[in-house]
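Report on the following structure.
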Amino acid sequence: VRNTGFVYAATVVFSIAINGNNILGGIENSGMFVSTNNADNWVVTNTGIIQSYIPSLAISDSTIYAANPGNGTFRSSNNGNSWAASNNGLTNLDVAAFAISGKYIFEGAGCGGVFLSTDNGSNWAAVNTGLTSPCIFSFAVSGSNIFAGTQGGVFLTTNNGNNWKPVNNGLPSNTWGMQLAIIGNNIFAGIEYDVYLSTNNGSSWARANTGLNN
């Protein structure tokens, strides 16, 4: 446990990102913290962020992006020392998830669908064609494949969000809270009370929870 500097003894960490020698953490009720010594100590870095709930962080080049539900996206170009809102073009500010693929930055805006920026977050545009379930919980990237975990299953785009298609064969109808992770050719989908695995880019899924009690 390396919590020196956190405000509360019982600390809930919602997000972690690494930028060079800096580790950033989004902490419940306390906002953003940064460590420069392998998490031995932490310092609060909330300048410019409106509220403290940070469920997702992402880094592209030297820019750090922070999801701040209700207030949109914030970005920092100085290792989190200060933050500025980056919401031009967003029609929903409940941002909760990011994906980065080259110059393409995707964000899931609550139940407002997916937004895309190609200019480091200065401007955003909705990219929801084919996305029939707009509640976005997570993303995963594998080469040119961008997967979105939604309340209605997994959706895939292979053309940087120009259109999406469902890839849900084998998944249950309700996939609330879905989190995605990719290891090699394996895509894992964690939902409430279950884990599923796809080995064929989401074309089919099977339960993968042997040994899990819950």
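Identifiers in this document derive from the order of the structure tokens: chains are assigned A, B, ..., residues are numbered from 1 separately in each chain, and ligands are numbered from 1 in order of occurrence.
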Distance query Asn162 of chain A at most 8 Å, only C-alpha atoms, self and fewer than 4 positions along chain excluded, as a ChimeraX atom specification: /A:127-129,157
All residues 9 Å or closer to Val114 of chain A, only C-alpha atoms, same chain fewer than 6 positions away omitted, as a PyMOL selection string: chain A and resi 106-108+125-128+131+134-136+148+161
Closest of A:Gly72, A:Gly80, A:Gly170, A:Gly152 to Ala97 of chain A - atom-to-atom distances counting only C-alpha atoms: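 When distances to Ala97 of chain A are compared using only C-alpha atoms, the smallest one comes from A:Gly72.
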Surrounding residues of Leu93 of chain A excluding itself and chain neighbours under 4 positions, 8 Å, only C-alpha atoms, as an NGL selection string: :A and (68-73 or 87 or 109-110)
Shell of 6 Å around segment 176-185 of chain A, only C-alpha atoms, local chain residues under 2 positions omitted, as an MDAnalysis selection string: chainID A and resid 137:138 140 149 151 174 187:191 199
Generate a file of the selected residues that holds all heavy atoms, formatted as a PDB file, in the first residue's frame.
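Below is the file that was written, selection-v2.pdb:
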```
ATOM      1  N   PHE A 137     -19.360   2.374 -21.594  1.00  0.00           N
ATOM      2  CA  PHE A 137     -18.639   2.152 -20.343  1.00  0.00           C
ATOM      3  C   PHE A 137     -17.125   2.028 -20.525  1.00  0.00           C
ATOM      4  O   PHE A 137     -16.358   2.335 -19.609  1.00  0.00           O
ATOM      5  CB  PHE A 137     -19.147   0.875 -19.662  1.00  0.00           C
ATOM      6  CG  PHE A 137     -20.603   0.900 -19.335  1.00  0.00           C
ATOM      7  CD1 PHE A 137     -21.480   0.042 -19.962  1.00  0.00           C
ATOM      8  CD2 PHE A 137     -21.105   1.791 -18.414  1.00  0.00           C
ATOM      9  CE1 PHE A 137     -22.832   0.057 -19.668  1.00  0.00           C
ATOM     10  CE2 PHE A 137     -22.452   1.818 -18.102  1.00  0.00           C
ATOM     11  CZ  PHE A 137     -23.322   0.952 -18.735  1.00  0.00           C
ATOM     12  N   SER A 138     -16.674   1.559 -21.696  1.00  0.00           N
ATOM     13  CA  SER A 138     -15.252   1.298 -21.874  1.00  0.00           C
ATOM     14  C   SER A 138     -14.925   1.148 -23.357  1.00  0.00           C
ATOM     15  O   SER A 138     -15.815   0.984 -24.194  1.00  0.00           O
ATOM     16  CB  SER A 138     -14.848   0.021 -21.131  1.00  0.00           C
ATOM     17  OG  SER A 138     -15.549  -1.098 -21.655  1.00  0.00           O
ATOM     18  N   ALA A 140     -11.591  -0.647 -26.000  1.00  0.00           N
ATOM     19  CA  ALA A 140     -10.354  -1.417 -26.131  1.00  0.00           C
ATOM     20  C   ALA A 140      -9.893  -1.290 -27.576  1.00  0.00           C
ATOM     21  O   ALA A 140     -10.706  -1.235 -28.499  1.00  0.00           O
ATOM     22  CB  ALA A 140     -10.561  -2.881 -25.756  1.00  0.00           C
ATOM     23  N   GLY A 149     -17.489  -1.035 -25.209  1.00  0.00           N
ATOM     24  CA  GLY A 149     -18.335  -1.800 -24.305  1.00  0.00           C
ATOM     25  C   GLY A 149     -19.514  -0.955 -23.873  1.00  0.00           C
ATOM     26  O   GLY A 149     -19.338   0.121 -23.299  1.00  0.00           O
ATOM     27  N   GLN A 151     -24.018  -0.771 -22.742  1.00  0.00           N
ATOM     28  CA  GLN A 151     -25.097  -1.451 -22.030  1.00  0.00           C
ATOM     29  C   GLN A 151     -25.734  -2.538 -22.884  1.00  0.00           C
ATOM     30  O   GLN A 151     -26.285  -3.511 -22.368  1.00  0.00           O
ATOM     31  CB  GLN A 151     -26.156  -0.432 -21.601  1.00  0.00           C
ATOM     32  CG  GLN A 151     -27.277  -1.018 -20.768  1.00  0.00           C
ATOM     33  CD  GLN A 151     -28.262   0.032 -20.313  1.00  0.00           C
ATOM     34  OE1 GLN A 151     -28.109   1.214 -20.614  1.00  0.00           O
ATOM     35  NE2 GLN A 151     -29.291  -0.380 -19.587  1.00  0.00           N
ATOM     36  N   ASN A 174     -28.157  -7.983 -21.308  1.00  0.00           N
ATOM     37  CA  ASN A 174     -27.820  -6.849 -20.458  1.00  0.00           C
ATOM     38  C   ASN A 174     -26.345  -6.929 -20.076  1.00  0.00           C
ATOM     39  O   ASN A 174     -25.925  -7.851 -19.377  1.00  0.00           O
ATOM     40  CB  ASN A 174     -28.695  -6.828 -19.202  1.00  0.00           C
ATOM     41  CG  ASN A 174     -28.499  -5.561 -18.381  1.00  0.00           C
ATOM     42  OD1 ASN A 174     -27.549  -4.806 -18.598  1.00  0.00           O
ATOM     43  ND2 ASN A 174     -29.397  -5.318 -17.455  1.00  0.00           N
ATOM     44  N   ILE A 187      -9.959 -11.097 -26.312  1.00  0.00           N
ATOM     45  CA  ILE A 187     -10.709  -9.938 -25.836  1.00  0.00           C
ATOM     46  C   ILE A 187     -11.560 -10.389 -24.661  1.00  0.00           C
ATOM     47  O   ILE A 187     -12.355 -11.329 -24.786  1.00  0.00           O
ATOM     48  CB  ILE A 187     -11.620  -9.352 -26.923  1.00  0.00           C
ATOM     49  CG1 ILE A 187     -10.845  -9.103 -28.202  1.00  0.00           C
ATOM     50  CG2 ILE A 187     -12.278  -8.055 -26.434  1.00  0.00           C
ATOM     51  CD1 ILE A 187     -11.726  -8.727 -29.371  1.00  0.00           C
ATOM     52  N   PHE A 188     -11.379  -9.747 -23.524  1.00  0.00           N
ATOM     53  CA  PHE A 188     -12.148 -10.077 -22.325  1.00  0.00           C
ATOM     54  C   PHE A 188     -13.195  -9.000 -22.073  1.00  0.00           C
ATOM     55  O   PHE A 188     -12.912  -7.808 -22.217  1.00  0.00           O
ATOM     56  CB  PHE A 188     -11.223 -10.192 -21.112  1.00  0.00           C
ATOM     57  CG  PHE A 188     -10.256 -11.331 -21.197  1.00  0.00           C
ATOM     58  CD1 PHE A 188      -9.014 -11.160 -21.780  1.00  0.00           C
ATOM     59  CD2 PHE A 188     -10.601 -12.582 -20.700  1.00  0.00           C
ATOM     60  CE1 PHE A 188      -8.116 -12.211 -21.868  1.00  0.00           C
ATOM     61  CE2 PHE A 188      -9.702 -13.644 -20.781  1.00  0.00           C
ATOM     62  CZ  PHE A 188      -8.461 -13.454 -21.369  1.00  0.00           C
ATOM     63  N   ALA A 189     -14.384  -9.429 -21.706  1.00  0.00           N
ATOM     64  CA  ALA A 189     -15.469  -8.523 -21.361  1.00  0.00           C
ATOM     65  C   ALA A 189     -15.953  -8.859 -19.960  1.00  0.00           C
ATOM     66  O   ALA A 189     -16.440  -9.961 -19.714  1.00  0.00           O
ATOM     67  CB  ALA A 189     -16.618  -8.650 -22.362  1.00  0.00           C
ATOM     68  N   GLY A 190     -15.755  -7.933 -19.045  1.00  0.00           N
ATOM     69  CA  GLY A 190     -16.240  -8.111 -17.683  1.00  0.00           C
ATOM     70  C   GLY A 190     -17.542  -7.376 -17.494  1.00  0.00           C
ATOM     71  O   GLY A 190     -17.628  -6.170 -17.756  1.00  0.00           O
ATOM     72  N   ILE A 191     -18.579  -8.103 -17.096  1.00  0.00           N
ATOM     73  CA  ILE A 191     -19.873  -7.479 -16.807  1.00  0.00           C
ATOM     74  C   ILE A 191     -20.261  -7.862 -15.383  1.00  0.00           C
ATOM     75  O   ILE A 191     -19.550  -8.597 -14.704  1.00  0.00           O
ATOM     76  CB  ILE A 191     -20.957  -7.923 -17.811  1.00  0.00           C
ATOM     77  CG1 ILE A 191     -21.199  -9.432 -17.723  1.00  0.00           C
ATOM     78  CG2 ILE A 191     -20.563  -7.537 -19.228  1.00  0.00           C
ATOM     79  CD1 ILE A 191     -22.342  -9.913 -18.589  1.00  0.00           C
ATOM     80  N   THR A 199     -12.076 -14.851 -29.021  1.00  0.00           N
ATOM     81  CA  THR A 199     -10.774 -15.064 -29.653  1.00  0.00           C
ATOM     82  C   THR A 199     -10.820 -14.770 -31.152  1.00  0.00           C
ATOM     83  O   THR A 199      -9.875 -15.076 -31.874  1.00  0.00           O
ATOM     84  CB  THR A 199     -10.297 -16.508 -29.435  1.00  0.00           C
ATOM     85  OG1 THR A 199     -11.265 -17.416 -29.986  1.00  0.00           O
ATOM     86  CG2 THR A 199     -10.105 -16.799 -27.949  1.00  0.00           C
TER      87      THR A 199
END
```
Strand (DSSP E) per DSSP on the backbone: members of segment 12-140 of chain A, as number ranges by chain: A: 13-19, 22-27, 31-35, 43-44, 57-60, 63-68, 72-76, 84-85, 95-101, 104-109, 114-117, 125-126, 136-140
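Shortest separation to Ile16 of chain A among A:Ser198, A:Ser56, A:Asn41, A:Thr132 occurs at residue A:Ser56, atoms counted being only C-alpha atoms.
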Surrounding residues of Asn169 of chain A excluding itself and chain neighbours under 5 positions, 9 Å, only C-alpha atoms, as a PyMOL selection string: chain A and resi 202-206
Each segment 63-118 of chain A residue no farther than 9 Å from segment 20-40 of chain A, nearest pair in Å, only C-alpha atoms, as CSV:
```
residue,atom,partner,partner_atom,distance
A:Ala66,CA,A:Gly26,CA,8.5
A:Asn79,CA,A:Asn22,CA,7.3
A:Gly80,CA,A:Val34,CA,7.4
A:Asn81,CA,A:Val34,CA,8.8
```
Output file for the selection above: N, CA and C atoms, as an mmCIF file, in the first residue's frame:
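Here's the written file out_3.cif:
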```
data_model
loop_
_atom_site.group_PDB
_atom_site.id
_atom_site.type_symbol
_atom_site.label_atom_id
_atom_site.label_comp_id
_atom_site.auth_asym_id
_atom_site.auth_seq_id
_atom_site.Cartn_x
_atom_site.Cartn_y
_atom_site.Cartn_z
ATOM 1 N N ALA A 66 -8.478 13.729 -18.854
ATOM 2 C CA ALA A 66 -9.192 13.262 -17.669
ATOM 3 C C ALA A 66 -10.690 13.372 -17.899
ATOM 4 N N ASN A 79 2.004 17.647 -17.151
ATOM 5 C CA ASN A 79 2.054 16.537 -16.189
ATOM 6 C C ASN A 79 1.023 16.668 -15.076
ATOM 7 N N GLY A 80 -0.099 17.323 -15.375
ATOM 8 C CA GLY A 80 -1.179 17.413 -14.404
ATOM 9 C C GLY A 80 -1.079 18.578 -13.443
ATOM 10 N N ASN A 81 -0.103 19.444 -13.623
ATOM 11 C CA ASN A 81 0.011 20.593 -12.724
ATOM 12 C C ASN A 81 -1.183 21.535 -12.853
#
```
Length of the atom CA of Gly102 of chain A to atom CA of Thr63 of chain A vector [Å]: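 Atom-to-atom, atom CA of Gly102 of chain A to atom CA of Thr63 of chain A, that is 13.1 Å.
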Pick from A:Ser142, A:Asn160, A:Asn214, A:Ser77 nearest to Asn200 of chain A, counting only C-alpha atoms: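 Among the listed residues, the smallest separation from Asn200 of chain A belongs to A:Ser142.
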Pairwise distance for atom CA of Gly113 of chain A and atom CA of Gly153 of chain A, rounded to one decimal in Å: 13.4 Å
Atom-to-atom span, atom CA of Ala58 of chain A and atom CA of Lys165 of chain A, Å: 24.5 Å
Nearest to Val141 of chain A by atom-to-atom distance, counting only C-alpha atoms, from A:Asn159, A:Ser117, A:Ser101, A:Ser82: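 Selected residue with least distance to Val141 of chain A: A:Ser101.
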